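Raw entry.txt, compact mmCIF, C-alpha atoms:
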# COMPACT_ATOMS: atom_id res chain seq x y z
CA MET A 1 16.39 0.13 -18.97
CA ASN A 2 17.84 2.38 -16.26
CA THR A 3 21.38 1.77 -15.06
CA PHE A 4 22.29 1.71 -11.39
CA SER A 5 25.64 2.09 -9.65
CA ASN A 6 27.00 -0.70 -7.50
CA ARG A 7 26.20 1.35 -4.40
CA GLU A 8 22.60 1.87 -5.47
CA GLU A 9 22.24 -1.80 -6.35
CA PHE A 10 23.61 -2.88 -2.97
CA LEU A 11 21.43 -0.45 -1.01
CA ASP A 12 18.37 -1.53 -2.98
CA GLY A 13 19.10 -5.13 -2.02
CA VAL A 14 19.61 -4.19 1.63
CA LYS A 15 16.32 -2.28 1.64
CA LYS A 16 14.43 -5.25 0.20
CA GLY A 17 16.11 -7.61 2.67
CA ILE A 18 15.29 -5.66 5.85
CA PRO A 19 11.77 -7.13 6.30
CA ILE A 20 13.20 -10.62 5.82
CA GLY A 21 15.96 -9.98 8.35
CA VAL A 22 13.45 -8.70 10.92
CA GLY A 23 11.27 -11.77 10.41
CA TYR A 24 14.27 -14.08 10.70
CA LEU A 25 15.30 -12.37 13.92
CA ALA A 26 12.13 -13.56 15.64
CA VAL A 27 12.13 -17.06 14.14
CA SER A 28 15.80 -17.77 14.81
CA PHE A 29 15.30 -16.52 18.37
CA THR A 30 13.01 -19.51 18.85
CA PHE A 31 15.60 -21.81 17.28
CA GLY A 32 18.30 -20.48 19.61
CA ILE A 33 16.13 -21.18 22.66
CA TRP A 34 15.23 -24.68 21.52
CA ALA A 35 18.74 -25.70 20.45
CA VAL A 36 20.32 -24.65 23.75
CA GLU A 37 17.55 -26.35 25.71
CA SER A 38 18.30 -29.48 23.68
CA GLY A 39 21.83 -29.51 25.09
CA LEU A 40 24.01 -27.74 22.50
CA PRO A 41 26.45 -25.01 23.60
CA VAL A 42 25.75 -21.42 22.59
CA TRP A 43 28.76 -21.14 20.26
CA MET A 44 27.72 -24.24 18.32
CA VAL A 45 24.12 -23.06 17.97
CA VAL A 46 25.27 -19.69 16.60
CA PHE A 47 27.74 -21.36 14.23
CA ILE A 48 24.98 -23.63 12.88
CA SER A 49 22.84 -20.61 11.99
CA LEU A 50 25.74 -18.68 10.50
CA SER A 51 26.80 -21.58 8.28
CA ASN A 52 23.38 -22.95 7.24
CA LEU A 53 20.64 -20.29 7.08
CA THR A 54 17.77 -22.78 6.88
CA SER A 55 15.07 -23.06 9.50
CA ALA A 56 13.65 -26.49 8.67
CA GLY A 57 17.08 -27.94 7.97
CA GLN A 58 18.50 -26.65 11.24
CA PHE A 59 15.61 -27.88 13.36
CA ALA A 60 15.86 -31.29 11.71
CA GLY A 61 19.64 -31.39 11.92
CA VAL A 62 19.82 -30.43 15.59
CA GLY A 63 17.04 -32.90 16.40
CA LEU A 64 19.07 -35.68 14.81
CA MET A 65 22.24 -34.53 16.56
CA VAL A 66 20.49 -34.68 19.92
CA ALA A 67 19.17 -38.14 19.00
CA GLN A 68 22.79 -39.15 18.26
CA ALA A 69 22.09 -40.00 14.64
CA THR A 70 24.96 -40.84 12.30
CA PHE A 71 26.65 -38.23 10.10
CA PHE A 72 25.10 -39.91 7.06
CA GLU A 73 21.57 -39.65 8.48
CA ILE A 74 22.05 -36.01 9.42
CA GLY A 75 23.61 -35.13 6.08
CA LEU A 76 20.98 -36.93 4.02
CA SER A 77 18.07 -35.46 5.98
CA VAL A 78 19.36 -31.89 5.73
CA PHE A 79 20.16 -32.40 2.03
CA VAL A 80 16.65 -33.61 1.24
CA ILE A 81 15.02 -30.78 3.18
CA ASN A 82 17.18 -28.13 1.51
CA ILE A 83 17.35 -29.55 -2.00
CA ARG A 84 14.63 -27.14 -3.09
CA TYR A 85 17.15 -24.31 -2.88
CA SER A 86 18.97 -25.76 -5.88
CA LEU A 87 15.80 -25.30 -7.94
CA MET A 88 15.45 -21.74 -6.69
CA SER A 89 19.06 -20.99 -7.59
CA LEU A 90 18.61 -22.43 -11.07
CA ALA A 91 15.50 -20.33 -11.58
CA LEU A 92 17.32 -17.16 -10.56
CA THR A 93 20.10 -17.78 -13.08
CA GLN A 94 17.58 -16.89 -15.80
CA LYS A 95 17.45 -13.32 -14.47
CA LEU A 96 21.10 -12.85 -13.52
CA ALA A 97 23.21 -10.25 -15.27
CA LYS A 98 25.34 -11.94 -17.94
CA LYS A 99 28.57 -10.59 -16.43
CA THR A 100 27.95 -12.44 -13.14
CA LYS A 101 30.95 -14.69 -12.40
CA LEU A 102 30.87 -18.20 -10.99
CA GLY A 103 32.52 -17.13 -7.74
CA GLN A 104 29.86 -14.46 -7.23
CA LYS A 105 27.10 -16.98 -7.84
CA LEU A 106 28.56 -19.30 -5.23
CA LEU A 107 28.80 -16.48 -2.68
CA PHE A 108 25.26 -15.20 -2.88
CA GLY A 109 23.93 -18.70 -3.55
CA PHE A 110 24.71 -19.37 0.11
CA GLY A 111 22.06 -16.83 1.08
CA ILE A 112 19.22 -18.18 -1.06
CA THR A 113 16.17 -18.88 1.10
CA ASP A 114 12.44 -19.08 0.32
CA GLU A 115 11.91 -15.40 1.13
CA VAL A 116 15.07 -14.18 -0.58
CA PHE A 117 14.10 -16.13 -3.69
CA ALA A 118 10.59 -14.63 -3.63
CA ILE A 119 11.98 -11.09 -3.54
CA ALA A 120 14.71 -11.67 -6.14
CA SER A 121 12.51 -13.57 -8.60
CA THR A 122 9.89 -10.79 -8.70
CA ARG A 123 12.40 -8.01 -9.39
CA ASP A 124 11.42 -6.01 -12.47
CA ARG A 125 14.96 -5.81 -13.87
CA GLU A 126 18.04 -8.02 -14.11
CA ILE A 127 19.64 -9.30 -10.93
CA THR A 128 23.22 -8.24 -10.31
CA ALA A 129 25.69 -9.76 -7.88
CA THR A 130 25.87 -6.49 -5.95
CA TYR A 131 22.09 -6.46 -5.52
CA MET A 132 22.15 -10.05 -4.25
CA TYR A 133 24.93 -9.26 -1.77
CA GLY A 134 22.74 -6.53 -0.31
CA LEU A 135 19.63 -8.69 -0.36
CA ILE A 136 21.17 -11.60 1.55
CA SER A 137 23.21 -9.53 4.03
CA THR A 138 20.32 -8.47 6.28
CA PRO A 139 18.70 -11.93 6.43
CA ILE A 140 22.05 -13.51 7.35
CA ILE A 141 22.63 -10.93 10.08
CA GLY A 142 19.06 -11.20 11.35
CA TRP A 143 19.11 -15.01 11.40
CA THR A 144 22.46 -15.24 13.18
CA LEU A 145 21.79 -12.41 15.63
CA GLY A 146 18.36 -13.81 16.51
CA THR A 147 19.89 -17.22 17.17
CA PHE A 148 22.50 -15.68 19.48
CA LEU A 149 19.93 -13.66 21.41
CA GLY A 150 17.66 -16.66 21.79
CA ALA A 151 20.52 -18.88 22.88
CA VAL A 152 21.73 -16.55 25.63
CA THR A 153 18.46 -15.02 26.87
CA GLY A 154 15.77 -17.58 25.99
CA ASN A 155 15.40 -18.88 29.50
CA LEU A 156 14.23 -15.45 30.64
CA LEU A 157 11.08 -15.49 28.46
CA PRO A 158 7.77 -17.30 29.10
CA PRO A 159 7.46 -20.45 26.92
CA ARG A 160 4.27 -19.22 25.23
CA LEU A 161 5.94 -16.00 24.10
CA SER A 162 8.97 -17.73 22.61
CA ASP A 163 6.78 -20.29 20.79
CA ALA A 164 4.56 -17.56 19.33
CA MET A 165 7.55 -15.96 17.59
CA GLY A 166 7.60 -18.80 15.07
CA ILE A 167 4.46 -17.37 13.47
CA ALA A 168 6.40 -14.34 12.24
CA LEU A 169 8.05 -16.25 9.38
CA TYR A 170 4.72 -17.40 7.91
CA ALA A 171 3.20 -13.92 8.17
CA MET A 172 6.24 -12.45 6.44
CA PHE A 173 6.15 -14.94 3.58
CA ILE A 174 2.44 -14.34 2.96
CA ALA A 175 3.15 -10.61 2.80
CA ILE A 176 5.81 -11.26 0.18
CA ILE A 177 3.75 -13.38 -2.22
CA ILE A 178 0.47 -11.45 -2.10
CA PRO A 179 1.60 -8.36 -4.14
CA PRO A 180 2.96 -10.32 -7.15
CA ALA A 181 -0.04 -12.69 -6.98
CA LYS A 182 -2.38 -9.70 -7.34
CA LYS A 183 -0.54 -8.54 -10.46
CA SER A 184 -0.18 -11.91 -12.21
CA LYS A 185 -2.81 -14.60 -12.72
CA ALA A 186 -0.03 -17.07 -13.53
CA ILE A 187 1.69 -16.50 -10.17
CA PHE A 188 -1.63 -16.67 -8.34
CA GLY A 189 -2.49 -19.91 -10.12
CA ALA A 190 0.92 -21.42 -9.37
CA ILE A 191 0.48 -20.59 -5.69
CA ILE A 192 -2.99 -22.16 -5.51
CA VAL A 193 -1.91 -25.33 -7.35
CA SER A 194 1.23 -25.67 -5.22
CA VAL A 195 -0.78 -25.29 -2.01
CA MET A 196 -3.28 -27.92 -3.17
CA VAL A 197 -0.51 -30.37 -4.08
CA THR A 198 1.21 -29.75 -0.75
CA CYS A 199 -2.02 -30.47 1.15
CA VAL A 200 -2.53 -33.70 -0.76
CA LEU A 201 1.02 -34.89 -0.11
CA ARG A 202 0.78 -33.97 3.55
CA TYR A 203 -2.68 -35.27 4.51
CA VAL A 204 -3.31 -38.23 2.19
CA PRO A 205 -1.90 -41.32 3.97
CA PHE A 206 -0.72 -42.88 0.69
CA PHE A 207 1.91 -40.12 0.31
CA SER A 208 3.18 -40.29 3.89
CA PHE A 209 6.53 -41.70 2.70
CA ILE A 210 7.36 -38.42 0.90
CA THR A 211 9.54 -36.17 3.04
CA GLU A 212 8.86 -32.48 3.56
CA GLY A 213 11.73 -31.45 1.30
CA PHE A 214 10.63 -33.61 -1.62
CA ALA A 215 6.98 -32.62 -1.10
CA MET A 216 7.94 -28.96 -1.51
CA ILE A 217 9.92 -29.73 -4.67
CA ILE A 218 7.06 -31.74 -6.17
CA ALA A 219 4.53 -29.00 -5.36
CA THR A 220 6.78 -26.35 -6.88
CA ILE A 221 7.38 -28.26 -10.11
CA ILE A 222 3.70 -29.15 -10.57
CA GLY A 223 2.45 -25.65 -9.76
CA ALA A 224 4.97 -23.88 -11.97
CA GLY A 225 4.69 -26.50 -14.72
CA ILE A 226 0.91 -26.33 -14.99
CA MET A 227 0.85 -22.54 -15.14
CA ALA A 228 3.73 -22.51 -17.63
CA VAL A 229 1.58 -24.63 -19.95
CA LEU A 230 -1.70 -22.80 -19.32
CA MET A 231 -0.29 -19.26 -19.20
CA PRO A 232 3.07 -19.17 -20.99
CA VAL A 233 4.96 -15.88 -21.00
CA SER A 234 5.28 -14.55 -24.55
CA ASP A 235 8.66 -13.49 -25.96
CA GLU A 236 7.40 -9.91 -26.19
CA LYS A 237 6.57 -9.81 -22.47
CA GLU A 238 9.93 -11.32 -21.58
CA GLU A 239 11.73 -8.63 -23.57
CA ASN A 240 9.74 -5.85 -21.90
CA ALA A 241 10.17 -7.28 -18.39
Can you turn what I pasted into structure tokens?
Amino acid sequence: MNTFSNREEFLDGVKKGIPIGVGYLAVSFTFGIWAVESGLPVWMVVFISLSNLTSAGQFAGVGLMVAQATFFEIGLSVFVINIRYSLMSLALTQKLAKKTKLGQKLLFGFGITDEVFAIASTRDREITATYMYGLISTPIIGWTLGTFLGAVTGNLLPPRLSDAMGIALYAMFIAIIIPPAKKSKAIFGAIIVSVMVTCVLRYVPFFSFITEGFAMIIATIIGAGIMAVLMPVSDEKEENA
């Protein structure tokens, strides 16, 4: 296994995070427009993005704030929507360098998102704290900067243009998962199973009581669990990874 300096590790993370940051810039621009139009001041909207880094959680949280929901309702809703990130963080610990300290894990754990997880989990060597710092830095900057720009200039854009920017996140995520899916039947299978489970939970009336956050967790566990049983990774492959 090749060794890399801290500088090389950080720059590699930054390079991998640039596409995510660019995608977040467009999506958070839409959030900034919507949040300010909902009645929140610009400084608060920017602070929400800087301290949360979660699209679904922020949209839900701001919606509840505008509806004057209680702190408990807001906290519980955001927790349920974002609980999947705990699973992602646990999964990444399997690839972390052994010398990674608890404080470092807490710092870059803040920047774990769906796209960041997808990039980190498919890395072909161990994940260092320096690499993760680089990987999350651009998405954090892109998400916060996009929110600020949307909050202060959103009223100058046509509504259709600002709404269309939300598509960027989905296009970016598809671009992230396609390459590893082409290389691994297990990953491809997990994606297909997870999508099928998600569709069932979303469109079958019986499951309407399941929230979006829990639906994503259930789909992830079932998809990964089935492929882990059907296509387990051998010890030899793990050692050569």
(request) Rounded to one decimal place, report the atom CA of Lys182 of chain A-atom CA of Arg125 of chain A distance in Å. (result) 18.9 Å
(message) Distance cut-off 12 Å, centre (13.7, -20.1, -13.6) in file coordinates, counting only C-alpha atoms: which residues qualify? Return them as a PyMOL selection string.
(response) chain A and resi 86-96+117-118+120-122+220-221+224-225+228
(request) Tell me which protein, DNA and RNA residues are within 12 Å of Gly134 of chain A, counting all atoms listed in the file, leaving out same-chain ones fewer than 2 positions away, and put them as a ChimeraX atom specification. (result) /A:6-18,21,107-108,111,116,120,127-132,136-141
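For the pair atom CA of Leu40 of chain A and atom CA of Arg84 of chain A, the separation is 27.3 Å.
Counting from atom CA of Val152 of chain A, the distance to atom CA of Gly57 of chain A is 21.5 Å.
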At a cut-off of 8 Å, using only C-alpha atoms, what residues contact segment 47-50 of chain A? Leave out same-chain residues fewer than 4 positions from it and give the result as an mmCIF file with C-alpha atoms, in the frame of the given file.
data_model
loop_
_atom_site.group_PDB
_atom_site.id
_atom_site.type_symbol
_atom_site.label_atom_id
_atom_site.label_comp_id
_atom_site.auth_asym_id
_atom_site.auth_seq_id
_atom_site.Cartn_x
_atom_site.Cartn_y
_atom_site.Cartn_z
ATOM 1 C CA TRP A 43 28.760 -21.140 20.260
ATOM 2 C CA THR A 54 17.770 -22.780 6.880
ATOM 3 C CA GLN A 58 18.500 -26.650 11.240
ATOM 4 C CA ILE A 140 22.050 -13.510 7.350
ATOM 5 C CA TRP A 143 19.110 -15.010 11.400
ATOM 6 C CA THR A 144 22.460 -15.240 13.180
ATOM 7 C CA THR A 147 19.890 -17.220 17.170
#
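Minimum distance to Gly23 of chain A across A:Cys199, A:Ile217, A:Val42, A:Ala175 (counting all atoms listed in the file) occurs at A:Ala175.
Take the candidates A:Ile119, A:Leu156, A:Ala60, A:Val78 and check each one against Ile20 of chain A using all atoms listed in the file; the shortest distance goes to A:Ile119.
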(request) May I have the residues within 10 Å of Ala35 of chain A as a ChimeraX atom specification, using all atoms listed in the file and disregarding those fewer than 6 positions away in the same chain? (result) /A:41-42,44-46,58-59,62-63,66,147,150-151
Rebuild segment 24-35 of chain A so that it carries all heavy atoms, then output the result as a PDB file, keeping the file's coordinate frame.
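Writing the result to part.pdb gives the following:
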ATOM      1  N   TYR A  24      13.332 -13.024  10.298  1.00  0.00           N
ATOM      2  CA  TYR A  24      14.270 -14.080  10.700  1.00  0.00           C
ATOM      3  C   TYR A  24      14.748 -13.903  12.134  1.00  0.00           C
ATOM      4  O   TYR A  24      15.053 -14.874  12.824  1.00  0.00           O
ATOM      5  CB  TYR A  24      15.478 -14.084   9.760  1.00  0.00           C
ATOM      6  CG  TYR A  24      15.229 -14.719   8.418  1.00  0.00           C
ATOM      7  CD1 TYR A  24      13.978 -15.230   8.085  1.00  0.00           C
ATOM      8  CD2 TYR A  24      16.243 -14.814   7.471  1.00  0.00           C
ATOM      9  CE1 TYR A  24      13.754 -15.804   6.846  1.00  0.00           C
ATOM     10  CE2 TYR A  24      16.029 -15.398   6.230  1.00  0.00           C
ATOM     11  CZ  TYR A  24      14.778 -15.881   5.925  1.00  0.00           C
ATOM     12  OH  TYR A  24      14.561 -16.452   4.710  1.00  0.00           O
ATOM     13  N   LEU A  25      14.847 -12.654  12.564  1.00  0.00           N
ATOM     14  CA  LEU A  25      15.300 -12.370  13.920  1.00  0.00           C
ATOM     15  C   LEU A  25      14.392 -13.045  14.944  1.00  0.00           C
ATOM     16  O   LEU A  25      14.865 -13.663  15.902  1.00  0.00           O
ATOM     17  CB  LEU A  25      15.318 -10.858  14.159  1.00  0.00           C
ATOM     18  CG  LEU A  25      15.928 -10.368  15.471  1.00  0.00           C
ATOM     19  CD1 LEU A  25      17.430 -10.597  15.469  1.00  0.00           C
ATOM     20  CD2 LEU A  25      15.621  -8.887  15.685  1.00  0.00           C
ATOM     21  N   ALA A  26      13.086 -12.957  14.710  1.00  0.00           N
ATOM     22  CA  ALA A  26      12.130 -13.560  15.640  1.00  0.00           C
ATOM     23  C   ALA A  26      12.143 -15.082  15.557  1.00  0.00           C
ATOM     24  O   ALA A  26      12.122 -15.779  16.575  1.00  0.00           O
ATOM     25  CB  ALA A  26      10.718 -13.033  15.340  1.00  0.00           C
ATOM     26  N   VAL A  27      12.181 -15.602  14.324  1.00  0.00           N
ATOM     27  CA  VAL A  27      12.130 -17.060  14.140  1.00  0.00           C
ATOM     28  C   VAL A  27      13.386 -17.732  14.671  1.00  0.00           C
ATOM     29  O   VAL A  27      13.328 -18.753  15.356  1.00  0.00           O
ATOM     30  CB  VAL A  27      11.921 -17.407  12.660  1.00  0.00           C
ATOM     31  CG1 VAL A  27      11.892 -18.917  12.473  1.00  0.00           C
ATOM     32  CG2 VAL A  27      10.618 -16.797  12.154  1.00  0.00           C
ATOM     33  N   SER A  28      14.555 -17.161  14.354  1.00  0.00           N
ATOM     34  CA  SER A  28      15.800 -17.770  14.810  1.00  0.00           C
ATOM     35  C   SER A  28      15.972 -17.632  16.315  1.00  0.00           C
ATOM     36  O   SER A  28      16.688 -18.418  16.942  1.00  0.00           O
ATOM     37  CB  SER A  28      16.998 -17.124  14.094  1.00  0.00           C
ATOM     38  OG  SER A  28      17.063 -15.731  14.343  1.00  0.00           O
ATOM     39  N   PHE A  29      15.310 -16.645  16.908  1.00  0.00           N
ATOM     40  CA  PHE A  29      15.300 -16.520  18.370  1.00  0.00           C
ATOM     41  C   PHE A  29      14.724 -17.787  18.985  1.00  0.00           C
ATOM     42  O   PHE A  29      15.260 -18.331  19.952  1.00  0.00           O
ATOM     43  CB  PHE A  29      14.468 -15.296  18.770  1.00  0.00           C
ATOM     44  CG  PHE A  29      14.580 -14.919  20.218  1.00  0.00           C
ATOM     45  CD1 PHE A  29      15.482 -13.947  20.630  1.00  0.00           C
ATOM     46  CD2 PHE A  29      13.784 -15.525  21.168  1.00  0.00           C
ATOM     47  CE1 PHE A  29      15.588 -13.590  21.967  1.00  0.00           C
ATOM     48  CE2 PHE A  29      13.878 -15.177  22.505  1.00  0.00           C
ATOM     49  CZ  PHE A  29      14.780 -14.208  22.906  1.00  0.00           C
ATOM     50  N   THR A  30      13.634 -18.268  18.386  1.00  0.00           N
ATOM     51  CA  THR A  30      13.010 -19.510  18.850  1.00  0.00           C
ATOM     52  C   THR A  30      13.952 -20.692  18.666  1.00  0.00           C
ATOM     53  O   THR A  30      14.062 -21.560  19.536  1.00  0.00           O
ATOM     54  CB  THR A  30      11.701 -19.772  18.081  1.00  0.00           C
ATOM     55  OG1 THR A  30      10.836 -18.642  18.232  1.00  0.00           O
ATOM     56  CG2 THR A  30      11.003 -21.015  18.594  1.00  0.00           C
ATOM     57  N   PHE A  31      14.648 -20.726  17.524  1.00  0.00           N
ATOM     58  CA  PHE A  31      15.600 -21.810  17.280  1.00  0.00           C
ATOM     59  C   PHE A  31      16.718 -21.794  18.314  1.00  0.00           C
ATOM     60  O   PHE A  31      17.135 -22.844  18.817  1.00  0.00           O
ATOM     61  CB  PHE A  31      16.199 -21.680  15.878  1.00  0.00           C
ATOM     62  CG  PHE A  31      17.360 -22.617  15.644  1.00  0.00           C
ATOM     63  CD1 PHE A  31      17.145 -23.970  15.442  1.00  0.00           C
ATOM     64  CD2 PHE A  31      18.668 -22.134  15.641  1.00  0.00           C
ATOM     65  CE1 PHE A  31      18.216 -24.846  15.247  1.00  0.00           C
ATOM     66  CE2 PHE A  31      19.729 -22.990  15.441  1.00  0.00           C
ATOM     67  CZ  PHE A  31      19.503 -24.352  15.251  1.00  0.00           C
ATOM     68  N   GLY A  32      17.226 -20.591  18.628  1.00  0.00           N
ATOM     69  CA  GLY A  32      18.300 -20.480  19.610  1.00  0.00           C
ATOM     70  C   GLY A  32      17.880 -21.017  20.973  1.00  0.00           C
ATOM     71  O   GLY A  32      18.635 -21.732  21.638  1.00  0.00           O
ATOM     72  N   ILE A  33      16.654 -20.685  21.382  1.00  0.00           N
ATOM     73  CA  ILE A  33      16.130 -21.180  22.660  1.00  0.00           C
ATOM     74  C   ILE A  33      16.061 -22.697  22.657  1.00  0.00           C
ATOM     75  O   ILE A  33      16.546 -23.375  23.564  1.00  0.00           O
ATOM     76  CB  ILE A  33      14.722 -20.598  22.931  1.00  0.00           C
ATOM     77  CG1 ILE A  33      14.798 -19.084  23.108  1.00  0.00           C
ATOM     78  CG2 ILE A  33      14.104 -21.245  24.170  1.00  0.00           C
ATOM     79  CD1 ILE A  33      13.439 -18.428  23.226  1.00  0.00           C
ATOM     80  N   TRP A  34      15.456 -23.235  21.603  1.00  0.00           N
ATOM     81  CA  TRP A  34      15.230 -24.680  21.520  1.00  0.00           C
ATOM     82  C   TRP A  34      16.536 -25.458  21.445  1.00  0.00           C
ATOM     83  O   TRP A  34      16.698 -26.491  22.103  1.00  0.00           O
ATOM     84  CB  TRP A  34      14.361 -24.994  20.314  1.00  0.00           C
ATOM     85  CG  TRP A  34      14.179 -26.447  20.063  1.00  0.00           C
ATOM     86  CD1 TRP A  34      13.353 -27.316  20.722  1.00  0.00           C
ATOM     87  CD2 TRP A  34      14.856 -27.237  19.066  1.00  0.00           C
ATOM     88  NE1 TRP A  34      13.454 -28.579  20.211  1.00  0.00           N
ATOM     89  CE2 TRP A  34      14.374 -28.563  19.194  1.00  0.00           C
ATOM     90  CE3 TRP A  34      15.804 -26.944  18.084  1.00  0.00           C
ATOM     91  CZ2 TRP A  34      14.817 -29.587  18.363  1.00  0.00           C
ATOM     92  CZ3 TRP A  34      16.243 -27.965  17.264  1.00  0.00           C
ATOM     93  CH2 TRP A  34      15.758 -29.269  17.409  1.00  0.00           C
ATOM     94  N   ALA A  35      17.483 -24.973  20.642  1.00  0.00           N
ATOM     95  CA  ALA A  35      18.740 -25.700  20.450  1.00  0.00           C
ATOM     96  C   ALA A  35      19.548 -25.763  21.743  1.00  0.00           C
ATOM     97  O   ALA A  35      20.125 -26.808  22.078  1.00  0.00           O
ATOM     98  CB  ALA A  35      19.560 -25.034  19.343  1.00  0.00           C
TER      99      ALA A  35
END
